[in-house]
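In what follows, a structure is listed as structure tokens, so that the remarks can point back to it.
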Amino acid sequence: MKILYFAWLRARIGCAEEELPLPAEIGDVAGLLDWLRRRGPRFAEALRDLSVVRVAVNQDYVGREHPLRDGDEVAIFPPVTGG
Amino acid sequence: MKILYFAWLRARIGCAEEELPLPAEIGDVAGLLDWLRRRGPRFAEALRDLSVVRVAVNQDYVGREHPLRDGDEVAIFPPVTGG
Amino acid sequence: MIRVQREDFDIGVELERLTAGNHHIGGIASFVGLVRDMGGGNRVSALTLEHYPGMTEKKLAEIELEAHRRWPLDASLIIHRYGRLEPGDRIVLVATASPHREAALAACHFLIDWLKTEAPFWKSEETPAGERWVEARAEDDAAMQRWKT
Amino acid sequence: MIRVQREDFDIGVELERLTAGNHHIGGIASFVGLVRDMGGGNRVSALTLEHYPGMTEKKLAEIELEAHRRWPLDASLIIHRYGRLEPGDRIVLVATASPHREAALAACHFLIDWLKTEAPFWKSEETPAGERWVEARAEDDAAMQRWKT
């Protein structure tokens, strides 16, 4: 699984992109976010308020219940501010 | 009084602009339109359907009840189609 | 700013000039009207725009002021051409600039709706069947009504 | 057509190209977003736009298709820049061309509202107090809601 981080989430976590095998206990986006928050203080702090966290899987917006598979490209980012 | 005609009203009447003293019996725009229609067949024909005739006095749109004075610039034209 | 002219205009140059040096502006909305090659089911080879010099400038200036009264605009521009034009030619440019995009978009829409129903311009088309005066469209009046509240 | 690029663009050239040779088009609506020198009460000396390469192009292409599904458009263009920009610089151009002005105006409005809430771009501002990530605005979400019917 590839995970991408953007904007202040990238800055706070200190990582733009990582590649890791999908942990067996993670079934969906909610599970991944929980798992990431327990990964260390930077992750815990960056993902503290999930109401300002959006997730895309394979470049489409998804809800928290979206199932994850190894090989997915998961992007985690704050609400967008382009235009 | 100066009278200006535009678009198909100008074409049908065969006149773009004329200068004439305000006839004493004309008090308002409705009176002028009546008077013009009785002026000849071209006028009668061009002004047959007053629902498609707009009038401006001194370069402002006015209603039929608008009073006229000698010295006014009166413009008579169909609904506009610019833009 | 308003301009009534026979000559063509360059949209890029006009919009650049409209906002030059003003860094409060966050958005420019614009509308450009072009001569279509069809009108009322007829093939149109050219269009002639007649207007009422004097009243045109007066009404355009009034409506520009009204747009600035209704929305927080930093700048605006209306250019309307007259004379003989061919399909694809530019007829009109309306542009509005504001710190806020909603204001710019609404004001631009208002100005073009207004132009269609109140600015003293008249179009006649050259068609295979001869010259034809363009008729006012009920949809344009309806579009304008929305702004009259 | 969509383009995501670092380089600036010329509005006049882009709009000319958009309608070139198509004489059915009666109107072009466009919106240009510019970098403002103020943001959230702070003086802004520069802006950096980050985006999600791949998803950006995918979402822009999807929404352009959606605009063509909703309105009778002959042509459309979205250009969005990324990288470091300064006050007055152009960020985005949305342009829509249609035989009918209402369609062009509505589609342009829809596209820019959509861009603000769904396109994966993020702005950070350089201010006297340091770098500051721009926060999403509730007004932008509200503006987008209107198109969700």
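Going by the structure tokens order, chains are called A, B, ..., each with residues numbered from 1, while ligands are numbered from 1 in the order shown.
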Give me, as a VMD selection string, the residues of chain D touching chain A, with the criterion being at most 7 Å (counting only C-alpha atoms).
chain D and resid 33 50 55 92 112 115 to 123 133 to 136
Is it possible to get the superposed chain C, fitted on chain D over all Cα pairs by sequence order, as a CSV table (one decimal) with N, CA and C atoms, in the first residue's frame?
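This went into part.csv:
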chain,number,residue,atom,x,y,z
C,1,MET,N,-11.0,21.1,-22.0
C,1,MET,CA,-9.6,20.8,-21.9
C,1,MET,C,-9.1,21.2,-20.5
C,2,ILE,N,-8.2,20.4,-20.0
C,2,ILE,CA,-7.7,20.8,-18.7
C,2,ILE,C,-6.1,20.8,-18.7
C,3,ARG,N,-5.6,21.7,-18.0
C,3,ARG,CA,-4.1,21.8,-17.9
C,3,ARG,C,-3.7,22.2,-16.4
C,4,VAL,N,-2.8,21.5,-15.9
C,4,VAL,CA,-2.2,21.7,-14.6
C,4,VAL,C,-0.8,22.1,-14.8
C,5,GLN,N,-0.4,23.3,-14.5
C,5,GLN,CA,1.0,23.7,-14.9
C,5,GLN,C,1.5,24.8,-14.0
C,6,ARG,N,2.9,24.9,-14.0
C,6,ARG,CA,3.6,25.8,-13.2
C,6,ARG,C,3.5,27.2,-13.9
C,7,GLU,N,3.5,27.2,-15.2
C,7,GLU,CA,3.7,28.4,-16.0
C,7,GLU,C,2.4,29.3,-16.0
C,8,ASP,N,2.6,30.6,-16.2
C,8,ASP,CA,1.5,31.5,-16.4
C,8,ASP,C,0.8,31.2,-17.7
C,9,PHE,N,-0.4,31.9,-17.9
C,9,PHE,CA,-1.1,31.7,-19.2
C,9,PHE,C,-1.6,33.1,-19.6
C,10,ASP,N,-1.9,33.2,-20.9
C,10,ASP,CA,-2.4,34.4,-21.5
C,10,ASP,C,-3.9,34.2,-21.8
C,11,ILE,N,-4.8,35.0,-21.0
C,11,ILE,CA,-6.2,34.8,-21.1
C,11,ILE,C,-6.7,35.0,-22.5
C,12,GLY,N,-6.2,36.0,-23.2
C,12,GLY,CA,-6.7,36.3,-24.5
C,12,GLY,C,-6.4,35.2,-25.5
C,13,VAL,N,-5.2,34.7,-25.4
C,13,VAL,CA,-4.8,33.6,-26.3
C,13,VAL,C,-5.6,32.4,-26.0
C,14,GLU,N,-5.8,32.1,-24.7
C,14,GLU,CA,-6.5,30.9,-24.4
C,14,GLU,C,-8.0,30.9,-24.9
C,15,LEU,N,-8.6,32.0,-24.7
C,15,LEU,CA,-10.0,32.2,-25.1
C,15,LEU,C,-10.2,32.1,-26.6
C,16,GLU,N,-9.2,32.8,-27.3
C,16,GLU,CA,-9.2,32.8,-28.7
C,16,GLU,C,-9.1,31.3,-29.2
C,17,ARG,N,-8.2,30.6,-28.7
C,17,ARG,CA,-8.0,29.2,-29.1
C,17,ARG,C,-9.3,28.3,-28.8
C,18,LEU,N,-9.9,28.6,-27.7
C,18,LEU,CA,-11.1,27.9,-27.2
C,18,LEU,C,-12.2,27.9,-28.2
C,19,THR,N,-12.4,29.0,-28.9
C,19,THR,CA,-13.5,29.2,-29.8
C,19,THR,C,-13.2,29.2,-31.3
C,20,ALA,N,-11.9,29.1,-31.5
C,20,ALA,CA,-11.4,29.3,-32.9
C,20,ALA,C,-12.1,28.4,-33.9
C,21,GLY,N,-12.7,28.9,-34.9
C,21,GLY,CA,-13.3,28.2,-36.0
C,21,GLY,C,-14.7,27.7,-35.7
C,22,ASN,N,-15.2,27.9,-34.4
C,22,ASN,CA,-16.5,27.4,-34.1
C,22,ASN,C,-17.5,28.6,-34.0
C,23,HIS,N,-18.2,28.8,-35.1
C,23,HIS,CA,-19.1,30.0,-35.1
C,23,HIS,C,-20.5,29.7,-34.6
C,24,HIS,N,-20.7,28.6,-33.9
C,24,HIS,CA,-21.9,28.4,-33.2
C,24,HIS,C,-21.9,29.0,-31.9
C,25,ILE,N,-20.7,29.3,-31.4
C,25,ILE,CA,-20.6,29.8,-30.0
C,25,ILE,C,-21.0,31.3,-29.9
C,26,GLY,N,-21.9,31.5,-29.0
C,26,GLY,CA,-22.4,32.9,-28.9
C,26,GLY,C,-21.9,33.6,-27.7
C,27,GLY,N,-21.3,32.8,-26.7
C,27,GLY,CA,-20.8,33.5,-25.5
C,27,GLY,C,-19.7,32.7,-24.8
C,28,ILE,N,-18.8,33.4,-24.3
C,28,ILE,CA,-17.7,32.7,-23.4
C,28,ILE,C,-17.8,33.3,-22.0
C,29,ALA,N,-18.0,32.5,-21.0
C,29,ALA,CA,-17.9,33.0,-19.7
C,29,ALA,C,-16.6,32.6,-19.1
C,30,SER,N,-16.0,33.4,-18.3
C,30,SER,CA,-14.7,33.0,-17.7
C,30,SER,C,-14.5,33.5,-16.4
C,31,PHE,N,-13.7,32.9,-15.6
C,31,PHE,CA,-13.3,33.3,-14.3
C,31,PHE,C,-11.8,33.1,-14.1
C,32,VAL,N,-11.2,34.2,-13.6
C,32,VAL,CA,-9.7,34.1,-13.4
C,32,VAL,C,-9.5,34.4,-11.9
C,33,GLY,N,-8.8,33.5,-11.2
C,33,GLY,CA,-8.5,33.7,-9.8
C,33,GLY,C,-7.1,34.2,-9.7
C,34,LEU,N,-6.9,35.2,-8.9
C,34,LEU,CA,-5.6,35.9,-8.7
C,34,LEU,C,-5.1,35.8,-7.3
C,35,VAL,N,-3.8,35.8,-7.1
C,35,VAL,CA,-3.3,35.9,-5.7
C,35,VAL,C,-3.5,37.2,-5.1
C,36,ARG,N,-4.2,37.2,-3.9
C,36,ARG,CA,-4.4,38.4,-3.2
C,36,ARG,C,-3.3,38.7,-2.2
C,37,ASP,N,-3.1,40.0,-1.9
C,37,ASP,CA,-2.0,40.3,-1.0
C,37,ASP,C,-2.5,40.3,0.5
C,38,MET,N,-3.7,39.9,0.7
C,38,MET,CA,-4.2,39.7,2.1
C,38,MET,C,-4.9,38.3,2.2
C,39,GLY,N,-4.7,37.7,3.4
C,39,GLY,CA,-5.4,36.4,3.6
C,39,GLY,C,-5.6,36.3,5.1
C,40,GLY,N,-6.9,36.1,5.5
C,40,GLY,CA,-7.2,35.9,6.9
C,40,GLY,C,-6.6,37.0,7.8
C,41,GLY,N,-6.6,38.3,7.2
C,41,GLY,CA,-6.1,39.4,8.0
C,41,GLY,C,-4.6,39.6,8.0
C,42,ASN,N,-3.9,38.7,7.3
C,42,ASN,CA,-2.5,38.9,7.2
C,42,ASN,C,-2.0,39.4,5.9
C,43,ARG,N,-0.9,40.1,5.9
C,43,ARG,CA,-0.3,40.5,4.6
C,43,ARG,C,0.4,39.3,4.0
C,44,VAL,N,0.1,39.1,2.7
C,44,VAL,CA,0.7,37.9,2.1
C,44,VAL,C,1.7,38.3,1.1
C,45,SER,N,2.9,37.8,1.2
C,45,SER,CA,4.0,38.2,0.2
C,45,SER,C,4.1,37.2,-0.9
C,46,ALA,N,3.7,35.9,-0.6
C,46,ALA,CA,3.7,34.9,-1.7
C,46,ALA,C,2.8,33.8,-1.2
C,47,LEU,N,2.5,32.9,-2.2
C,47,LEU,CA,1.6,31.8,-2.0
C,47,LEU,C,2.2,30.6,-2.7
C,48,THR,N,2.2,29.4,-2.0
C,48,THR,CA,2.6,28.2,-2.7
C,48,THR,C,1.5,27.3,-2.8
C,49,LEU,N,1.3,26.8,-4.0
C,49,LEU,CA,0.2,25.9,-4.3
C,49,LEU,C,0.7,24.5,-4.5
C,50,GLU,N,0.3,23.6,-3.6
C,50,GLU,CA,0.7,22.2,-3.7
C,50,GLU,C,-0.5,21.4,-4.3
C,51,HIS,N,-0.3,20.4,-5.0
C,51,HIS,CA,-1.4,19.6,-5.5
C,51,HIS,C,-1.1,18.1,-5.5
C,52,TYR,N,-2.0,17.3,-5.9
C,52,TYR,CA,-1.9,15.8,-5.9
C,52,TYR,C,-1.8,15.4,-7.3
C,53,PRO,N,-0.6,15.3,-7.9
C,53,PRO,CA,-0.5,15.0,-9.3
C,53,PRO,C,-1.2,13.7,-9.6
C,54,GLY,N,-1.9,13.6,-10.7
C,54,GLY,CA,-2.7,12.4,-11.0
C,54,GLY,C,-4.1,12.6,-10.6
C,55,MET,N,-4.4,12.7,-9.3
C,55,MET,CA,-5.7,12.9,-8.8
C,55,MET,C,-6.3,14.3,-9.3
C,56,THR,N,-5.4,15.3,-9.4
C,56,THR,CA,-5.8,16.6,-9.8
C,56,THR,C,-6.4,16.5,-11.3
C,57,GLU,N,-5.6,15.9,-12.1
C,57,GLU,CA,-6.0,15.8,-13.5
C,57,GLU,C,-7.3,14.9,-13.7
C,58,LYS,N,-7.3,13.9,-12.9
C,58,LYS,CA,-8.5,13.0,-12.9
C,58,LYS,C,-9.8,13.7,-12.5
C,59,LYS,N,-9.7,14.5,-11.4
C,59,LYS,CA,-10.9,15.1,-10.9
C,59,LYS,C,-11.3,16.3,-11.8
C,60,LEU,N,-10.3,17.0,-12.3
C,60,LEU,CA,-10.6,18.1,-13.3
C,60,LEU,C,-11.3,17.6,-14.5
C,61,ALA,N,-10.8,16.4,-15.0
C,61,ALA,CA,-11.4,15.9,-16.2
C,61,ALA,C,-12.8,15.4,-15.9
C,62,GLU,N,-13.0,14.8,-14.8
C,62,GLU,CA,-14.4,14.4,-14.4
C,62,GLU,C,-15.4,15.5,-14.3
C,63,ILE,N,-14.9,16.6,-13.7
C,63,ILE,CA,-15.9,17.7,-13.5
C,63,ILE,C,-16.1,18.4,-14.8
C,64,GLU,N,-15.1,18.5,-15.6
C,64,GLU,CA,-15.4,19.1,-16.9
C,64,GLU,C,-16.5,18.3,-17.7
C,65,LEU,N,-16.4,17.0,-17.6
C,65,LEU,CA,-17.4,16.1,-18.3
C,65,LEU,C,-18.7,16.4,-17.7
C,66,GLU,N,-18.8,16.5,-16.3
C,66,GLU,CA,-20.0,16.8,-15.6
C,66,GLU,C,-20.7,18.1,-16.1
C,67,ALA,N,-19.8,19.1,-16.3
C,67,ALA,CA,-20.3,20.4,-16.8
C,67,ALA,C,-20.9,20.2,-18.2
C,68,HIS,N,-20.3,19.4,-19.0
C,68,HIS,CA,-20.8,19.2,-20.4
C,68,HIS,C,-22.1,18.4,-20.4
C,69,ARG,N,-22.2,17.5,-19.3
C,69,ARG,CA,-23.5,16.8,-19.2
C,69,ARG,C,-24.6,17.7,-18.8
C,70,ARG,N,-24.3,18.7,-17.9
C,70,ARG,CA,-25.4,19.5,-17.4
C,70,ARG,C,-25.8,20.6,-18.3
C,71,TRP,N,-24.8,21.2,-19.1
C,71,TRP,CA,-25.1,22.3,-19.9
C,71,TRP,C,-24.6,22.1,-21.4
C,72,PRO,N,-25.3,22.7,-22.3
C,72,PRO,CA,-24.9,22.5,-23.8
C,72,PRO,C,-23.7,23.4,-24.1
C,73,LEU,N,-22.5,22.9,-23.8
C,73,LEU,CA,-21.3,23.6,-24.0
C,73,LEU,C,-20.6,23.1,-25.3
C,74,ASP,N,-20.0,24.1,-26.0
C,74,ASP,CA,-19.3,23.7,-27.2
C,74,ASP,C,-17.8,23.5,-26.8
C,75,ALA,N,-17.3,24.2,-25.8
C,75,ALA,CA,-15.9,24.0,-25.4
C,75,ALA,C,-15.8,24.5,-24.0
C,76,SER,N,-14.7,24.0,-23.3
C,76,SER,CA,-14.4,24.5,-22.0
C,76,SER,C,-12.9,24.3,-21.7
C,77,LEU,N,-12.5,25.0,-20.7
C,77,LEU,CA,-11.1,25.0,-20.4
C,77,LEU,C,-10.9,25.3,-18.9
C,78,ILE,N,-10.1,24.5,-18.3
C,78,ILE,CA,-9.6,24.7,-16.9
C,78,ILE,C,-8.1,24.7,-16.9
C,79,ILE,N,-7.5,25.8,-16.5
C,79,ILE,CA,-6.1,25.8,-16.3
C,79,ILE,C,-5.8,26.1,-14.8
C,80,HIS,N,-5.1,25.3,-14.1
C,80,HIS,CA,-4.8,25.6,-12.7
C,80,HIS,C,-3.3,25.5,-12.5
C,81,ARG,N,-2.7,26.6,-11.9
C,81,ARG,CA,-1.3,26.6,-11.7
C,81,ARG,C,-0.9,26.0,-10.3
C,82,TYR,N,0.3,25.6,-10.2
C,82,TYR,CA,0.9,25.2,-8.9
C,82,TYR,C,2.2,25.8,-8.8
C,83,GLY,N,2.8,25.7,-7.6
C,83,GLY,CA,4.1,26.3,-7.3
C,83,GLY,C,4.0,27.6,-6.6
C,84,ARG,N,5.1,28.4,-6.6
C,84,ARG,CA,5.1,29.6,-5.8
C,84,ARG,C,4.6,30.8,-6.7
C,85,LEU,N,3.7,31.6,-6.2
C,85,LEU,CA,3.1,32.7,-6.9
C,85,LEU,C,3.1,33.9,-6.0
C,86,GLU,N,3.1,35.1,-6.6
C,86,GLU,CA,3.1,36.3,-5.9
C,86,GLU,C,1.8,37.1,-6.1
C,87,PRO,N,1.5,38.1,-5.2
C,87,PRO,CA,0.2,38.8,-5.3
C,87,PRO,C,0.1,39.4,-6.7
C,88,GLY,N,-1.1,39.3,-7.3
C,88,GLY,CA,-1.4,39.7,-8.6
C,88,GLY,C,-1.3,38.6,-9.6
C,89,ASP,N,-0.5,37.5,-9.3
C,89,ASP,CA,-0.3,36.4,-10.3
C,89,ASP,C,-1.7,35.7,-10.5
C,90,ARG,N,-1.8,35.2,-11.7
C,90,ARG,CA,-3.0,34.4,-12.0
C,90,ARG,C,-2.8,33.0,-11.4
C,91,ILE,N,-3.9,32.4,-10.8
C,91,ILE,CA,-3.8,31.1,-10.3
C,91,ILE,C,-4.6,30.1,-11.2
C,92,VAL,N,-5.8,30.5,-11.6
C,92,VAL,CA,-6.7,29.6,-12.2
C,92,VAL,C,-7.5,30.3,-13.3
C,93,LEU,N,-7.8,29.6,-14.4
C,93,LEU,CA,-8.7,30.1,-15.4
C,93,LEU,C,-9.7,29.0,-15.7
C,94,VAL,N,-11.0,29.4,-15.6
C,94,VAL,CA,-12.1,28.6,-16.0
C,94,VAL,C,-12.8,29.3,-17.1
C,95,ALA,N,-13.0,28.6,-18.2
C,95,ALA,CA,-13.8,29.3,-19.3
C,95,ALA,C,-14.7,28.3,-20.0
C,96,THR,N,-15.9,28.7,-20.3
C,96,THR,CA,-16.9,27.9,-20.9
C,96,THR,C,-17.6,28.6,-22.1
C,97,ALA,N,-17.7,27.9,-23.2
C,97,ALA,CA,-18.3,28.5,-24.4
C,97,ALA,C,-19.5,27.7,-24.8
C,98,SER,N,-20.6,28.5,-25.2
C,98,SER,CA,-21.8,27.9,-25.5
C,98,SER,C,-22.6,28.7,-26.5
C,99,PRO,N,-23.5,28.1,-27.3
C,99,PRO,CA,-24.4,29.0,-28.1
C,99,PRO,C,-25.2,29.9,-27.2
C,100,HIS,N,-25.4,29.6,-26.0
C,100,HIS,CA,-26.3,30.3,-25.1
C,100,HIS,C,-25.6,30.9,-23.9
C,101,ARG,N,-25.8,32.1,-23.6
C,101,ARG,CA,-25.1,32.8,-22.5
C,101,ARG,C,-25.4,32.2,-21.2
C,102,GLU,N,-26.7,31.8,-20.9
C,102,GLU,CA,-27.0,31.3,-19.6
C,102,GLU,C,-26.2,30.0,-19.3
C,103,ALA,N,-26.1,29.1,-20.3
C,103,ALA,CA,-25.4,27.9,-20.2
C,103,ALA,C,-23.9,28.2,-19.8
C,104,ALA,N,-23.3,29.1,-20.6
C,104,ALA,CA,-21.9,29.4,-20.4
C,104,ALA,C,-21.7,30.0,-18.9
C,105,LEU,N,-22.5,30.9,-18.5
C,105,LEU,CA,-22.4,31.6,-17.2
C,105,LEU,C,-22.6,30.6,-16.1
C,106,ALA,N,-23.6,29.7,-16.2
C,106,ALA,CA,-23.9,28.8,-15.1
C,106,ALA,C,-22.8,27.7,-15.0
C,107,ALA,N,-22.3,27.2,-16.2
C,107,ALA,CA,-21.3,26.2,-16.2
C,107,ALA,C,-20.0,26.8,-15.6
C,108,CYS,N,-19.6,28.0,-15.9
C,108,CYS,CA,-18.4,28.6,-15.4
C,108,CYS,C,-18.5,28.7,-13.9
C,109,HIS,N,-19.6,29.2,-13.4
C,109,HIS,CA,-19.9,29.4,-12.0
C,109,HIS,C,-19.8,28.0,-11.3
C,110,PHE,N,-20.4,27.0,-11.8
C,110,PHE,CA,-20.4,25.6,-11.3
C,110,PHE,C,-18.9,25.1,-11.2
C,111,LEU,N,-18.1,25.3,-12.3
C,111,LEU,CA,-16.8,24.8,-12.3
C,111,LEU,C,-15.9,25.5,-11.3
C,112,ILE,N,-16.0,26.8,-11.1
C,112,ILE,CA,-15.1,27.4,-10.1
C,112,ILE,C,-15.6,27.1,-8.7
C,113,ASP,N,-16.9,27.0,-8.4
C,113,ASP,CA,-17.3,26.6,-7.1
C,113,ASP,C,-16.8,25.2,-6.8
C,114,TRP,N,-16.9,24.3,-7.8
C,114,TRP,CA,-16.4,22.9,-7.6
C,114,TRP,C,-14.9,22.9,-7.4
C,115,LEU,N,-14.1,23.6,-8.1
C,115,LEU,CA,-12.7,23.7,-8.0
C,115,LEU,C,-12.3,24.0,-6.5
C,116,LYS,N,-13.0,25.0,-6.0
C,116,LYS,CA,-12.7,25.5,-4.6
C,116,LYS,C,-12.9,24.4,-3.6
C,117,THR,N,-13.8,23.5,-3.8
C,117,THR,CA,-14.1,22.5,-2.8
C,117,THR,C,-13.7,21.1,-3.0
C,118,GLU,N,-13.3,20.7,-4.3
C,118,GLU,CA,-13.1,19.4,-4.6
C,118,GLU,C,-11.7,19.1,-5.3
C,119,ALA,N,-11.1,20.1,-5.9
C,119,ALA,CA,-9.9,19.8,-6.6
C,119,ALA,C,-8.7,19.8,-5.6
C,120,PRO,N,-7.9,18.7,-5.6
C,120,PRO,CA,-6.9,18.6,-4.6
C,120,PRO,C,-5.7,19.5,-4.7
C,121,PHE,N,-5.9,20.8,-4.4
C,121,PHE,CA,-4.9,21.8,-4.3
C,121,PHE,C,-4.9,22.4,-2.9
C,122,TRP,N,-3.7,22.8,-2.4
C,122,TRP,CA,-3.7,23.4,-1.1
C,122,TRP,C,-2.7,24.6,-1.1
C,123,LYS,N,-3.1,25.7,-0.5
C,123,LYS,CA,-2.4,26.9,-0.5
C,123,LYS,C,-1.7,27.1,0.8
C,124,SER,N,-0.4,27.5,0.8
C,124,SER,CA,0.2,28.0,2.0
C,124,SER,C,0.7,29.4,1.7
C,125,GLU,N,0.5,30.3,2.6
C,125,GLU,CA,0.9,31.7,2.4
C,125,GLU,C,2.1,32.1,3.2
C,126,GLU,N,2.9,33.0,2.6
C,126,GLU,CA,4.0,33.6,3.3
C,126,GLU,C,3.6,34.9,3.9
C,127,THR,N,3.6,35.0,5.2
C,127,THR,CA,3.1,36.2,5.9
C,127,THR,C,4.2,36.7,6.8
C,128,PRO,N,4.1,37.9,7.4
C,128,PRO,CA,5.1,38.4,8.3
C,128,PRO,C,5.2,37.5,9.5
C,129,ALA,N,4.1,36.8,9.9
C,129,ALA,CA,4.2,35.9,11.0
C,129,ALA,C,4.6,34.5,10.6
C,130,GLY,N,5.1,34.3,9.4
C,130,GLY,CA,5.6,33.0,9.0
C,130,GLY,C,4.7,32.3,8.0
C,131,GLU,N,4.9,31.1,7.7
C,131,GLU,CA,4.1,30.3,6.7
C,131,GLU,C,2.8,29.9,7.4
C,132,ARG,N,1.7,30.0,6.6
C,132,ARG,CA,0.4,29.7,7.2
C,132,ARG,C,-0.4,29.0,6.1
C,133,TRP,N,-0.9,27.8,6.5
C,133,TRP,CA,-1.7,27.0,5.6
C,133,TRP,C,-3.1,27.7,5.5
C,134,VAL,N,-3.6,27.9,4.3
C,134,VAL,CA,-4.9,28.5,4.1
C,134,VAL,C,-6.0,27.5,4.6
C,135,GLU,N,-7.0,28.0,5.3
C,135,GLU,CA,-8.0,27.1,5.8
C,135,GLU,C,-9.2,27.1,4.8
C,136,ALA,N,-9.9,25.9,4.7
C,136,ALA,CA,-11.0,25.9,3.8
C,136,ALA,C,-12.1,26.8,4.4
C,137,ARG,N,-12.9,27.4,3.5
C,137,ARG,CA,-14.0,28.3,4.0
C,137,ARG,C,-15.3,27.6,3.9
C,138,ALA,N,-16.1,27.8,5.0
C,138,ALA,CA,-17.5,27.3,5.0
C,138,ALA,C,-18.3,27.8,3.8
C,139,GLU,N,-18.1,29.1,3.4
C,139,GLU,CA,-18.8,29.7,2.3
C,139,GLU,C,-18.6,28.9,1.0
C,140,ASP,N,-17.4,28.4,0.9
C,140,ASP,CA,-17.1,27.6,-0.4
C,140,ASP,C,-17.9,26.3,-0.4
C,141,ASP,N,-18.0,25.7,0.8
C,141,ASP,CA,-18.8,24.5,0.8
C,141,ASP,C,-20.3,24.8,0.6
C,142,ALA,N,-20.8,25.9,1.1
C,142,ALA,CA,-22.1,26.3,0.9
C,142,ALA,C,-22.4,26.6,-0.5
C,143,ALA,N,-21.4,27.3,-1.2
C,143,ALA,CA,-21.6,27.6,-2.6
C,143,ALA,C,-21.7,26.3,-3.4
C,144,MET,N,-20.9,25.3,-3.1
C,144,MET,CA,-21.0,24.0,-3.8
C,144,MET,C,-22.3,23.3,-3.6
C,145,GLN,N,-22.8,23.4,-2.4
C,145,GLN,CA,-24.1,22.7,-2.1
C,145,GLN,C,-25.2,23.0,-3.1
C,146,ARG,N,-25.2,24.2,-3.5
C,146,ARG,CA,-26.3,24.7,-4.5
C,146,ARG,C,-26.3,23.8,-5.8
C,147,TRP,N,-25.2,23.3,-6.2
C,147,TRP,CA,-25.1,22.5,-7.4
C,147,TRP,C,-25.4,21.0,-7.2
C,148,LYS,N,-25.7,20.6,-6.0
C,148,LYS,CA,-25.8,19.2,-5.7
C,148,LYS,C,-27.2,18.7,-5.8
C,149,THR,N,-28.1,19.4,-6.4
C,149,THR,CA,-29.5,19.0,-6.5
C,149,THR,C,-29.7,18.2,-7.8
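Every protein, DNA or RNA residue with an atom at most 12 Å from B:Gly27, where only C-alpha atoms count and chain neighbours fewer than 3 positions away do not, is listed here: Leu22, Pro23, Ala24, Ala30, Gly31, Leu32, Leu33, Asp34, Trp35, Arg64, Glu65, His66, Pro67, Leu68, Arg69 and Asp70 of chain B.
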If you run DSSP on this backbone, which residues of chain A come out as strand (DSSP E or B), and could you give them as JSON, numbers by chain?
{"A": [2, 3, 4, 5, 17, 18, 19, 28, 54, 55, 56, 57, 60, 61, 67, 73, 74, 75, 76, 77]}
Could you superimpose chain B onto chain A using all C-alpha atoms, paired one by one in order, and tell me the resulting RMSD in Å?
0.0 Å
